[in-house]
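Peer 1: Pasting model-v2.txt below, which is compact mmCIF, C-alpha atoms.
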```txt
# COMPACT_ATOMS: atom_id res chain seq x y z
CA MET G 526 0.00 0.00 0.00
CA SER G 527 2.67 2.50 1.03
CA GLN G 528 4.40 2.11 -2.34
CA SER G 529 1.47 3.74 -4.15
CA ILE G 530 1.56 6.90 -2.02
CA THR G 531 3.27 9.86 -3.73
CA LEU G 532 4.95 12.21 -1.30
CA LYS G 533 3.88 15.81 -1.83
CA GLU G 534 6.22 18.77 -1.41
CA LYS G 535 5.28 20.84 1.61
CA TYR G 536 5.80 24.22 -0.10
CA PRO G 537 5.55 25.46 -3.69
CA PRO G 538 8.81 25.76 -5.70
CA GLY G 539 10.97 28.85 -5.15
CA ASP G 540 11.00 31.40 -2.40
CA PHE G 541 7.76 31.50 -0.44
CA ALA G 542 7.61 35.32 -0.73
CA ILE G 543 7.12 35.06 -4.51
CA TRP G 544 3.95 33.05 -3.90
CA ILE G 545 2.53 35.82 -1.73
CA ILE G 546 3.28 38.23 -4.60
CA ILE G 547 1.74 35.81 -7.13
CA TYR G 548 -1.48 35.45 -5.09
CA VAL G 549 -1.75 39.25 -4.75
CA GLU G 550 -1.16 39.74 -8.49
CA LEU G 551 -3.81 37.12 -9.33
CA VAL G 552 -6.36 38.91 -7.17
CA THR G 553 -5.47 42.33 -8.65
CA PHE G 554 -5.73 41.15 -12.25
CA GLY G 555 -8.80 39.07 -11.37
CA LEU G 556 -10.62 42.21 -10.23
CA LEU G 557 -9.67 43.98 -13.47
CA PHE G 558 -10.90 40.99 -15.53
CA LEU G 559 -14.22 41.03 -13.69
CA GLY G 560 -14.42 44.83 -13.99
CA TYR G 561 -14.10 44.41 -17.75
CA ALA G 562 -16.61 41.52 -17.96
CA PHE G 563 -19.30 43.25 -15.90
CA SER G 564 -18.75 46.74 -17.41
CA ARG G 565 -19.30 45.16 -20.83
CA ARG G 566 -22.86 44.33 -19.80
CA ALA G 567 -23.69 48.06 -19.60
CA ASP G 568 -22.95 48.58 -23.32
CA VAL G 569 -22.37 45.30 -25.16
CA ALA G 570 -22.65 46.90 -28.63
CA MET G 571 -19.95 49.50 -27.89
CA PHE G 572 -17.60 46.84 -26.42
CA ASN G 573 -18.09 44.58 -29.46
CA GLU G 574 -17.58 47.46 -31.90
CA SER G 575 -14.43 48.67 -30.13
CA GLN G 576 -13.06 45.13 -29.93
CA LEU G 577 -13.15 44.92 -33.74
CA MET G 578 -10.45 47.63 -33.81
CA LEU G 579 -7.99 45.30 -32.04
CA ASN G 580 -5.58 43.13 -33.97
CA GLN G 581 -6.50 39.58 -32.92
CA THR G 582 -3.49 38.21 -34.79
CA SER G 583 -1.04 40.11 -32.59
CA GLY G 584 -2.92 38.86 -29.50
CA PHE G 585 -2.64 35.31 -30.85
CA ILE G 586 1.08 35.66 -31.66
CA ASN G 587 1.75 37.05 -28.19
CA THR G 588 -0.13 34.15 -26.57
CA LEU G 589 1.98 31.66 -28.53
CA ILE G 590 5.13 33.59 -27.58
CA LEU G 591 4.30 33.50 -23.86
CA VAL G 592 3.25 29.84 -23.85
CA THR G 593 6.47 28.93 -25.66
CA SER G 594 8.57 31.05 -23.32
CA SER G 595 7.01 29.24 -20.35
CA TYR G 596 8.06 25.95 -21.95
CA PHE G 597 11.64 27.26 -22.33
CA VAL G 598 11.67 28.40 -18.69
CA ILE G 599 10.46 25.06 -17.32
CA LYS G 600 13.11 23.30 -19.44
CA ALA G 601 15.74 25.58 -17.85
CA VAL G 602 14.40 24.78 -14.37
CA LYS G 603 14.40 21.03 -15.09
CA SER G 604 18.01 21.26 -16.34
CA ILE G 605 19.05 22.75 -13.01
CA THR G 606 16.88 20.72 -10.62
CA SER G 607 17.88 17.41 -12.20
CA MET G 608 21.63 18.07 -11.99
CA SER G 609 24.00 15.86 -10.04
CA GLU G 610 27.11 16.97 -8.17
CA GLU G 611 29.17 16.02 -11.21
CA SER G 612 27.06 17.83 -13.81
CA VAL G 613 26.86 21.36 -12.39
CA ALA G 614 28.63 23.03 -15.32
CA GLU G 615 26.64 21.11 -17.93
CA ALA G 616 23.31 21.81 -16.21
CA ASN G 617 24.03 25.55 -15.92
CA ALA G 618 25.10 25.69 -19.58
CA LYS G 619 21.91 23.93 -20.67
CA ALA G 620 19.73 26.17 -18.50
CA SER G 621 21.39 29.32 -19.83
CA LYS G 622 20.49 28.31 -23.41
CA TRP G 623 16.83 27.73 -22.51
CA LEU G 624 16.73 31.00 -20.58
CA LEU G 625 18.19 32.93 -23.50
CA LEU G 626 15.37 31.60 -25.70
CA ALA G 627 12.80 32.62 -23.06
CA ILE G 628 14.29 36.12 -22.81
CA GLY G 629 14.11 36.32 -26.62
CA CYS G 630 10.40 35.51 -26.34
CA GLY G 631 9.97 38.30 -23.77
CA VAL G 632 11.63 40.77 -26.15
CA ALA G 633 9.51 39.50 -29.08
CA PHE G 634 6.36 39.97 -26.97
CA GLY G 635 7.48 43.57 -26.34
CA PHE G 636 7.93 44.26 -30.06
CA VAL G 637 4.51 42.82 -30.98
CA LYS G 638 2.82 44.70 -28.14
CA GLY G 639 4.69 47.89 -29.03
CA ALA G 640 3.48 47.65 -32.64
CA GLU G 641 -0.08 47.08 -31.41
CA PHE G 642 0.06 50.12 -29.09
CA TYR G 643 1.60 52.22 -31.88
CA HIS G 644 -1.33 51.33 -34.13
CA ILE G 645 -3.97 51.92 -31.42
CA PHE G 646 -2.52 55.18 -30.09
CA GLY G 647 -1.88 56.34 -33.68
CA GLN G 648 -5.64 56.33 -34.19
CA GLY G 649 -6.01 58.83 -31.36
CA ILE G 650 -7.34 56.22 -28.93
CA ASN G 651 -6.53 56.76 -25.27
CA LEU G 652 -7.80 55.87 -21.79
CA SER G 653 -10.69 58.35 -22.12
CA THR G 654 -11.97 57.09 -25.50
CA ASN G 655 -14.47 54.69 -23.96
CA LYS G 656 -14.72 52.05 -21.24
CA PHE G 657 -13.57 49.23 -23.52
CA PHE G 658 -10.31 51.02 -24.37
CA MET G 659 -9.84 52.12 -20.76
CA PHE G 660 -9.85 48.45 -19.70
CA TYR G 661 -7.88 47.32 -22.76
CA ILE G 662 -5.09 49.85 -22.19
CA MET G 663 -5.02 49.33 -18.40
CA LEU G 664 -4.97 45.53 -18.61
CA THR G 665 -2.51 45.15 -21.47
CA ALA G 666 -0.14 47.95 -20.38
CA PHE G 667 -0.12 46.64 -16.78
CA HIS G 668 0.52 43.13 -18.06
CA PHE G 669 3.22 44.43 -20.42
CA MET G 670 5.07 45.92 -17.43
CA HIS G 671 4.99 42.48 -15.81
CA VAL G 672 6.46 40.91 -18.96
CA MET G 673 9.28 43.48 -18.92
CA LEU G 674 9.98 42.84 -15.22
CA GLY G 675 9.81 39.08 -15.83
CA SER G 676 12.29 39.38 -18.70
CA LEU G 677 14.67 41.33 -16.45
CA ILE G 678 14.37 38.63 -13.75
CA LEU G 679 15.09 35.92 -16.35
CA TYR G 680 18.13 37.92 -17.51
CA ILE G 681 19.48 38.06 -13.92
CA ILE G 682 18.98 34.28 -13.61
CA TYR G 683 20.65 33.82 -17.01
CA LYS G 684 23.70 35.79 -15.82
CA LYS G 685 23.89 33.52 -12.77
CA THR G 686 23.81 30.37 -14.89
CA LYS G 687 26.69 31.77 -16.96
CA THR G 688 28.83 31.81 -13.82
CA GLU G 689 27.58 28.33 -12.78
CA GLY G 690 25.81 30.01 -9.88
CA TYR G 691 23.32 27.18 -9.36
CA THR G 692 24.78 24.16 -7.66
CA PHE G 693 23.49 20.78 -6.57
CA GLY G 694 20.67 21.42 -4.07
CA ASP G 695 20.85 25.22 -4.43
CA TYR G 696 18.38 26.33 -7.10
CA ARG G 697 15.71 28.28 -5.26
CA GLY G 698 16.51 31.45 -7.25
CA ILE G 699 15.69 29.97 -10.65
CA GLU G 700 12.49 28.40 -9.30
CA THR G 701 11.43 31.77 -7.87
CA GLY G 702 11.96 33.64 -11.14
CA ALA G 703 10.30 30.85 -13.13
CA SER G 704 7.19 30.93 -10.90
CA TYR G 705 6.83 34.66 -11.56
CA TRP G 706 7.20 34.14 -15.30
CA HIS G 707 4.56 31.39 -15.37
CA MET G 708 2.17 33.71 -13.51
CA VAL G 709 2.65 36.31 -16.28
CA ASP G 710 1.79 33.57 -18.79
CA LEU G 711 -1.26 32.44 -16.78
CA LEU G 712 -2.63 36.00 -16.67
CA TRP G 713 -2.31 36.40 -20.43
CA ILE G 714 -4.03 33.04 -21.00
CA VAL G 715 -7.17 34.55 -19.41
CA LEU G 716 -6.68 38.04 -20.85
CA PHE G 717 -6.38 36.97 -24.51
CA PRO G 718 -9.82 35.35 -24.98
CA LEU G 719 -11.53 37.83 -22.64
CA VAL G 720 -10.39 41.02 -24.36
CA TYR G 721 -9.57 39.90 -27.93
CA ILE G 722 -12.00 37.08 -28.73
CA ILE G 723 -15.16 36.87 -26.62
CA ARG G 724 -17.93 39.09 -27.96
CA MET I 1298 6.04 10.30 -20.16
CA LYS I 1299 9.49 11.72 -20.77
CA LYS I 1300 8.12 14.21 -23.29
CA TYR I 1301 5.19 15.42 -21.17
CA LEU I 1302 6.36 19.06 -21.24
CA GLU I 1303 6.40 18.99 -25.04
CA ILE I 1304 2.89 17.49 -25.07
CA ILE I 1305 1.65 20.22 -22.70
CA TRP I 1306 3.18 22.92 -24.90
CA LEU I 1307 1.52 21.37 -27.94
CA VAL I 1308 -1.90 21.29 -26.20
CA LEU I 1309 -1.48 24.93 -25.12
CA ALA I 1310 -0.49 26.01 -28.64
CA THR I 1311 -3.35 24.06 -30.25
CA LEU I 1312 -5.99 25.48 -27.90
CA THR I 1313 -4.59 28.97 -28.52
CA LEU I 1314 -4.90 28.44 -32.27
CA PHE I 1315 -8.46 27.17 -31.77
CA ALA I 1316 -9.39 30.34 -29.82
CA TYR I 1317 -7.79 32.55 -32.46
CA LEU I 1318 -9.62 30.80 -35.30
CA LEU I 1319 -12.96 31.24 -33.52
CA GLY I 1320 -12.30 34.96 -33.35
CA TYR I 1321 -10.74 35.28 -36.78
CA LEU I 1322 -13.57 33.43 -38.53
CA LYS I 1323 -16.07 35.41 -36.43
CA ILE I 1324 -17.93 32.29 -35.33
CA ILE I 1325 -18.18 33.34 -31.70
CA SER I 1326 -21.63 32.34 -30.43
CA THR I 1327 -22.96 31.69 -26.92
CA PHE I 1328 -22.09 28.01 -27.42
CA PHE I 1329 -18.52 28.74 -28.54
CA VAL I 1330 -17.99 31.19 -25.66
CA ALA I 1331 -18.65 28.28 -23.27
CA ILE I 1332 -16.17 26.12 -25.21
CA LEU I 1333 -13.65 28.98 -25.21
CA LEU I 1334 -13.95 29.46 -21.44
CA GLY I 1335 -13.57 25.68 -20.99
CA THR I 1336 -10.38 25.63 -23.06
CA THR I 1337 -9.08 28.66 -21.11
CA PHE I 1338 -9.61 26.68 -17.91
CA ILE I 1339 -7.71 23.70 -19.35
CA LYS I 1340 -4.83 25.94 -20.45
CA GLY I 1341 -4.67 27.71 -17.08
CA THR I 1342 -4.75 24.41 -15.20
CA LEU I 1343 -1.90 23.00 -17.31
CA VAL I 1344 0.23 26.07 -16.57
CA ILE I 1345 -0.58 25.93 -12.83
CA GLU I 1346 -0.05 22.20 -12.46
CA TYR I 1347 2.93 21.51 -14.73
CA PHE I 1348 4.73 24.77 -15.53
CA MET I 1349 4.34 26.31 -12.08
CA GLY I 1350 5.01 22.83 -10.73
CA LEU I 1351 2.13 22.73 -8.25
CA HIS I 1352 0.93 19.22 -9.17
CA ASN I 1353 3.29 17.78 -6.60
CA VAL I 1354 2.73 20.33 -3.83
CA ASN I 1355 0.56 20.34 -0.69
CA TRP I 1356 -3.07 20.80 -1.77
CA LYS I 1357 -3.64 24.15 0.00
CA TYR I 1358 -0.99 25.94 -2.10
CA ARG I 1359 -2.17 24.16 -5.21
CA MET I 1360 -5.81 25.07 -4.62
CA ILE I 1361 -5.29 28.85 -4.39
CA PRO I 1362 -4.49 29.51 -8.09
CA THR I 1363 -6.88 26.75 -9.20
CA LEU I 1364 -9.75 28.27 -7.19
CA TRP I 1365 -8.80 31.70 -8.56
CA LEU I 1366 -9.07 30.32 -12.09
CA VAL I 1367 -12.41 28.60 -11.41
CA MET I 1368 -13.85 31.76 -9.82
CA ILE I 1369 -12.64 34.12 -12.54
CA ILE I 1370 -13.86 31.94 -15.41
CA SER I 1371 -17.21 31.26 -13.68
CA LEU I 1372 -17.79 34.96 -13.01
CA ILE I 1373 -16.83 35.88 -16.59
CA ALA I 1374 -19.38 33.27 -17.75
CA ILE I 1375 -22.04 34.78 -15.46
CA ALA I 1376 -21.27 38.28 -16.78
CA TYR I 1377 -21.59 36.97 -20.34
CA TYR I 1378 -24.66 34.76 -19.97
CA LEU I 1379 -26.75 36.70 -17.44
CA PRO I 1380 -29.53 38.49 -19.33
CA VAL I 1381 -28.83 42.22 -19.75
CA SER I 1382 -31.56 44.33 -18.16
CA THR I 1383 -32.93 46.96 -20.54
CA VAL I 1384 -34.90 48.81 -17.84
```
Would you write out, as structure tokens, the structure that this file holds?
Peer 2:
Amino acid sequence: MSQSITLKEKYPPGDFAIWIIIYVELVTFGLLFLGYAFSRRADVAMFNESQLMLNQTSGFINTLILVTSSYFVIKAVKSITSMSEESVAEANAKASKWLLLAIGCGVAFGFVKGAEFYHIFGQGINLSTNKFFMFYIMLTAFHFMHVMLGSLILYIIYKKTKTEGYTFGDYRGIETGASYWHMVDLLWIVLFPLVYIIR
Amino acid sequence: MKKYLEIIWLVLATLTLFAYLLGYLKIISTFFVAILLGTTFIKGTLVIEYFMGLHNVNWKYRMIPTLWLVMIISLIAIAYYLPVSTV
């Protein structure tokens, strides 16, 4: 019987403080998502009409970019957490390559989002245009800042892997940064259909 | 299950493409919104469980983001499906 029992980890991966931050971020974005969804009920036609001005393709590309970057990040984490005492250099080298790809995704997200904002703001749209665009700009700009911060965190972790900073049994830092990055991905997974697709 | 991360990425990418096509082809109906919210829940759960690595963690830490996802998607569905009062 005891052989079938899987032992669970007591705490989530990474520093516990990041999980407090993640829970707070989820609540904050959750309120904004619900604000959008319930405000839409007041003027469905205006929300639907305004939504047509968004570029769904750039939203789709950015979702793919974030999902793929999350895959790269978890591969980096697995490279480090599965290392042995003899494979520290190899594990750090592998992780740095995965992280570089993830950072590239963060930069690509920034370019796509920048082009989208350039197009939207170029049409004279701003926070005061209507409620749809107020929520769209608030949600996507706020999320964009999280992507930029996440990319910076990944870069710091990348620099540490380049100096073989993660050793056998000491990899809390990479798990902490990865958890933050996955949260950024999770938020976009809800944001994309809500703002770009559902009408 | 050595390639389970690749399979998860593939599922996430496929469901994202599905959502995009629904929007692009403008075939969003009340039925497809339910499907879309269902696929969003699947995608979110995959990220929480396997990318965030909570599938092997004490249930109380695992439940917080999962409950958040359930609540947010349920409330979005209520906001979408509840009849709009015209009074």
Peer 1: Using Å and a single decimal, report how far atom CA of Thr692 of chain G sits from atom CA of Leu1351 of chain I.
Peer 2: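 We find that atom CA of Leu1351 of chain I and atom CA of Thr692 of chain G lie 22.7 Å from each other.
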Peer 1: Nearest to Asn580 of chain G among G:Asp540, G:Ala640, G:Trp706, G:Tyr691, with distances taken over all atoms listed in the file: which residue is it?
Peer 2: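 Selected residue with least distance to Asn580 of chain G: G:Ala640.
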Peer 1: Please compute the atom CA of Ala614 of chain G-atom CA of His707 of chain G distance, one decimal, in Å.
Peer 2: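 Separation of atom CA of Ala614 of chain G and atom CA of His707 of chain G: 25.5 Å.
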Peer 1: Leaving out Ile682 of chain G and any residue of its chain fewer than 5 positions from it, which residues lie within 9 Å of it when counting only C-alpha atoms, given as number ranges by chain?
Peer 2: G: 621, 624, 677, 687, 690, 698-699, 702
Peer 1: Got a sec: who's within 12 Å of segment 1327-1339 of chain I, counting only C-alpha atoms, leaving out chain neighbours fewer than 6 positions off, as a short mmCIF file (atom, residue, chain, number, x, y, z; two decimals) with C-alpha atoms, keeping the file's coordinate frame?
Peer 2:
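See around_15.cif below for the written result:
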```
data_model
loop_
_atom_site.label_atom_id
_atom_site.label_comp_id
_atom_site.auth_asym_id
_atom_site.auth_seq_id
_atom_site.Cartn_x
_atom_site.Cartn_y
_atom_site.Cartn_z
CA THR G 588 -0.13 34.15 -26.57
CA LEU G 711 -1.26 32.44 -16.78
CA LEU G 712 -2.63 36.00 -16.67
CA TRP G 713 -2.31 36.40 -20.43
CA ILE G 714 -4.03 33.04 -21.00
CA VAL G 715 -7.17 34.55 -19.41
CA LEU G 716 -6.68 38.04 -20.85
CA PHE G 717 -6.38 36.97 -24.51
CA PRO G 718 -9.82 35.35 -24.98
CA LEU G 719 -11.53 37.83 -22.64
CA TYR G 721 -9.57 39.90 -27.93
CA ILE G 722 -12.00 37.08 -28.73
CA ILE G 723 -15.16 36.87 -26.62
CA ARG G 724 -17.93 39.09 -27.96
CA ILE I 1305 1.65 20.22 -22.70
CA VAL I 1308 -1.90 21.29 -26.20
CA LEU I 1309 -1.48 24.93 -25.12
CA ALA I 1310 -0.49 26.01 -28.64
CA THR I 1311 -3.35 24.06 -30.25
CA LEU I 1312 -5.99 25.48 -27.90
CA THR I 1313 -4.59 28.97 -28.52
CA LEU I 1314 -4.90 28.44 -32.27
CA PHE I 1315 -8.46 27.17 -31.77
CA ALA I 1316 -9.39 30.34 -29.82
CA TYR I 1317 -7.79 32.55 -32.46
CA LEU I 1318 -9.62 30.80 -35.30
CA LEU I 1319 -12.96 31.24 -33.52
CA GLY I 1320 -12.30 34.96 -33.35
CA ILE I 1345 -0.58 25.93 -12.83
CA GLU I 1346 -0.05 22.20 -12.46
CA TYR I 1347 2.93 21.51 -14.73
CA PRO I 1362 -4.49 29.51 -8.09
CA THR I 1363 -6.88 26.75 -9.20
CA LEU I 1364 -9.75 28.27 -7.19
CA TRP I 1365 -8.80 31.70 -8.56
CA LEU I 1366 -9.07 30.32 -12.09
CA VAL I 1367 -12.41 28.60 -11.41
CA MET I 1368 -13.85 31.76 -9.82
CA ILE I 1369 -12.64 34.12 -12.54
CA ILE I 1370 -13.86 31.94 -15.41
CA SER I 1371 -17.21 31.26 -13.68
CA LEU I 1372 -17.79 34.96 -13.01
CA ILE I 1373 -16.83 35.88 -16.59
CA ALA I 1374 -19.38 33.27 -17.75
CA ILE I 1375 -22.04 34.78 -15.46
CA ALA I 1376 -21.27 38.28 -16.78
CA TYR I 1377 -21.59 36.97 -20.34
CA TYR I 1378 -24.66 34.76 -19.97
CA LEU I 1379 -26.75 36.70 -17.44
#
```
Peer 1: Can you tell me, as a count of residues only, what residues are no more than 8 Å from Leu557 of chain G when counting only C-alpha atoms, ignoring any on the same chain fewer than 4 positions away?
Peer 2: 4
Peer 1: Pick out the closest residue to chain I from this set: G:Asn573, G:Asn651, G:Thr686, G:Thr582. Count all atoms listed in the file.
Peer 2: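 Closest to chain I, using all atoms listed in the file: G:Thr582.
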Peer 1: State, in Å with one decimal place, the distance from atom CA of Ile546 of chain G to atom CA of Ala616 of chain G.
Peer 2: 28.4 Å
Peer 1: Using all atoms listed in the file, I'd like every residue of chain G that has an atom within 8 Å of chain I; please write them out as an MDAnalysis selection string.
Peer 2: chainID G and resid 532:538 548 551:552 555 558:559 562:563 566:567 581:582 585 588:589 592:593 595:596 599 703:704 707:708 710:711 714:715 718 721:724
Peer 1: Residues at most 8 Å from Lys600 of chain G, counting all atoms listed in the file, excluding those fewer than 3 positions away in the same chain, as a ChimeraX atom specification?
Peer 2: /G:596-597,603-604,620,623
Peer 1: Take segment 1325-1359 of chain I, bring it up to N, CA and C atoms, and give me the output as a short mmCIF file (atom, residue, chain, number, x, y, z; two decimals), in the frame of the given file.
Peer 2:
```
data_model
loop_
_atom_site.label_atom_id
_atom_site.label_comp_id
_atom_site.auth_asym_id
_atom_site.auth_seq_id
_atom_site.Cartn_x
_atom_site.Cartn_y
_atom_site.Cartn_z
N ILE I 1325 -17.95 33.32 -33.14
CA ILE I 1325 -18.18 33.34 -31.70
C ILE I 1325 -19.69 33.40 -31.44
N SER I 1326 -20.22 32.37 -30.82
CA SER I 1326 -21.63 32.34 -30.43
C SER I 1326 -21.67 32.01 -28.93
N THR I 1327 -22.87 32.00 -28.36
CA THR I 1327 -22.96 31.69 -26.92
C THR I 1327 -22.40 30.29 -26.64
N PHE I 1328 -22.62 29.36 -27.59
CA PHE I 1328 -22.09 28.01 -27.42
C PHE I 1328 -20.55 28.02 -27.43
N PHE I 1329 -19.98 28.73 -28.42
CA PHE I 1329 -18.52 28.74 -28.54
C PHE I 1329 -17.85 29.53 -27.40
N VAL I 1330 -18.57 30.48 -26.81
CA VAL I 1330 -17.99 31.19 -25.66
C VAL I 1330 -17.80 30.20 -24.51
N ALA I 1331 -18.77 29.30 -24.32
CA ALA I 1331 -18.65 28.28 -23.27
C ALA I 1331 -17.45 27.37 -23.55
N ILE I 1332 -17.30 26.98 -24.82
CA ILE I 1332 -16.17 26.12 -25.21
C ILE I 1332 -14.85 26.87 -24.96
N LEU I 1333 -14.85 28.15 -25.35
CA LEU I 1333 -13.65 28.98 -25.21
C LEU I 1333 -13.25 29.12 -23.74
N LEU I 1334 -14.25 29.34 -22.87
CA LEU I 1334 -13.95 29.46 -21.44
C LEU I 1334 -13.46 28.12 -20.89
N GLY I 1335 -14.03 27.02 -21.40
CA GLY I 1335 -13.57 25.68 -20.99
C GLY I 1335 -12.12 25.44 -21.39
N THR I 1336 -11.76 25.83 -22.61
CA THR I 1336 -10.38 25.63 -23.06
C THR I 1336 -9.42 26.55 -22.30
N THR I 1337 -9.92 27.74 -21.92
CA THR I 1337 -9.08 28.66 -21.11
C THR I 1337 -8.80 28.03 -19.76
N PHE I 1338 -9.81 27.36 -19.19
CA PHE I 1338 -9.61 26.68 -17.91
C PHE I 1338 -8.57 25.55 -18.05
N ILE I 1339 -8.67 24.80 -19.13
CA ILE I 1339 -7.71 23.70 -19.35
C ILE I 1339 -6.29 24.26 -19.47
N LYS I 1340 -6.15 25.34 -20.26
CA LYS I 1340 -4.83 25.94 -20.45
C LYS I 1340 -4.26 26.46 -19.13
N GLY I 1341 -5.11 27.16 -18.37
CA GLY I 1341 -4.67 27.71 -17.08
C GLY I 1341 -4.26 26.61 -16.13
N THR I 1342 -5.05 25.52 -16.11
CA THR I 1342 -4.75 24.41 -15.20
C THR I 1342 -3.42 23.75 -15.58
N LEU I 1343 -3.17 23.60 -16.87
CA LEU I 1343 -1.90 23.00 -17.31
C LEU I 1343 -0.71 23.85 -16.86
N VAL I 1344 -0.86 25.18 -16.99
CA VAL I 1344 0.23 26.07 -16.57
C VAL I 1344 0.43 25.97 -15.05
N ILE I 1345 -0.67 26.00 -14.30
CA ILE I 1345 -0.58 25.93 -12.83
C ILE I 1345 0.04 24.60 -12.39
N GLU I 1346 -0.46 23.52 -12.94
CA GLU I 1346 -0.05 22.20 -12.46
C GLU I 1346 1.37 21.82 -12.90
N TYR I 1347 1.68 22.05 -14.20
CA TYR I 1347 2.93 21.51 -14.73
C TYR I 1347 4.03 22.54 -14.94
N PHE I 1348 3.67 23.77 -15.35
CA PHE I 1348 4.73 24.77 -15.53
C PHE I 1348 5.08 25.41 -14.19
N MET I 1349 4.06 25.77 -13.42
CA MET I 1349 4.34 26.31 -12.08
C MET I 1349 4.79 25.20 -11.13
N GLY I 1350 4.53 23.98 -11.52
CA GLY I 1350 5.01 22.83 -10.73
C GLY I 1350 4.21 22.55 -9.48
N LEU I 1351 2.92 22.91 -9.48
CA LEU I 1351 2.13 22.73 -8.25
C LEU I 1351 1.47 21.35 -8.16
N HIS I 1352 1.59 20.53 -9.21
CA HIS I 1352 0.93 19.22 -9.17
C HIS I 1352 1.48 18.32 -8.08
N ASN I 1353 2.67 18.63 -7.61
CA ASN I 1353 3.29 17.78 -6.60
C ASN I 1353 3.48 18.51 -5.27
N VAL I 1354 2.59 19.48 -5.02
CA VAL I 1354 2.73 20.33 -3.83
C VAL I 1354 1.49 20.17 -2.95
N ASN I 1355 1.66 20.38 -1.67
CA ASN I 1355 0.56 20.34 -0.69
C ASN I 1355 -0.70 21.03 -1.27
N TRP I 1356 -1.83 20.38 -1.10
CA TRP I 1356 -3.07 20.80 -1.77
C TRP I 1356 -3.47 22.25 -1.51
N LYS I 1357 -3.16 22.79 -0.31
CA LYS I 1357 -3.64 24.15 0.00
C LYS I 1357 -2.96 25.21 -0.87
N TYR I 1358 -1.68 24.99 -1.22
CA TYR I 1358 -0.99 25.94 -2.10
C TYR I 1358 -1.43 25.74 -3.55
N ARG I 1359 -1.74 24.52 -3.86
CA ARG I 1359 -2.17 24.16 -5.21
C ARG I 1359 -3.58 24.70 -5.48
#
```
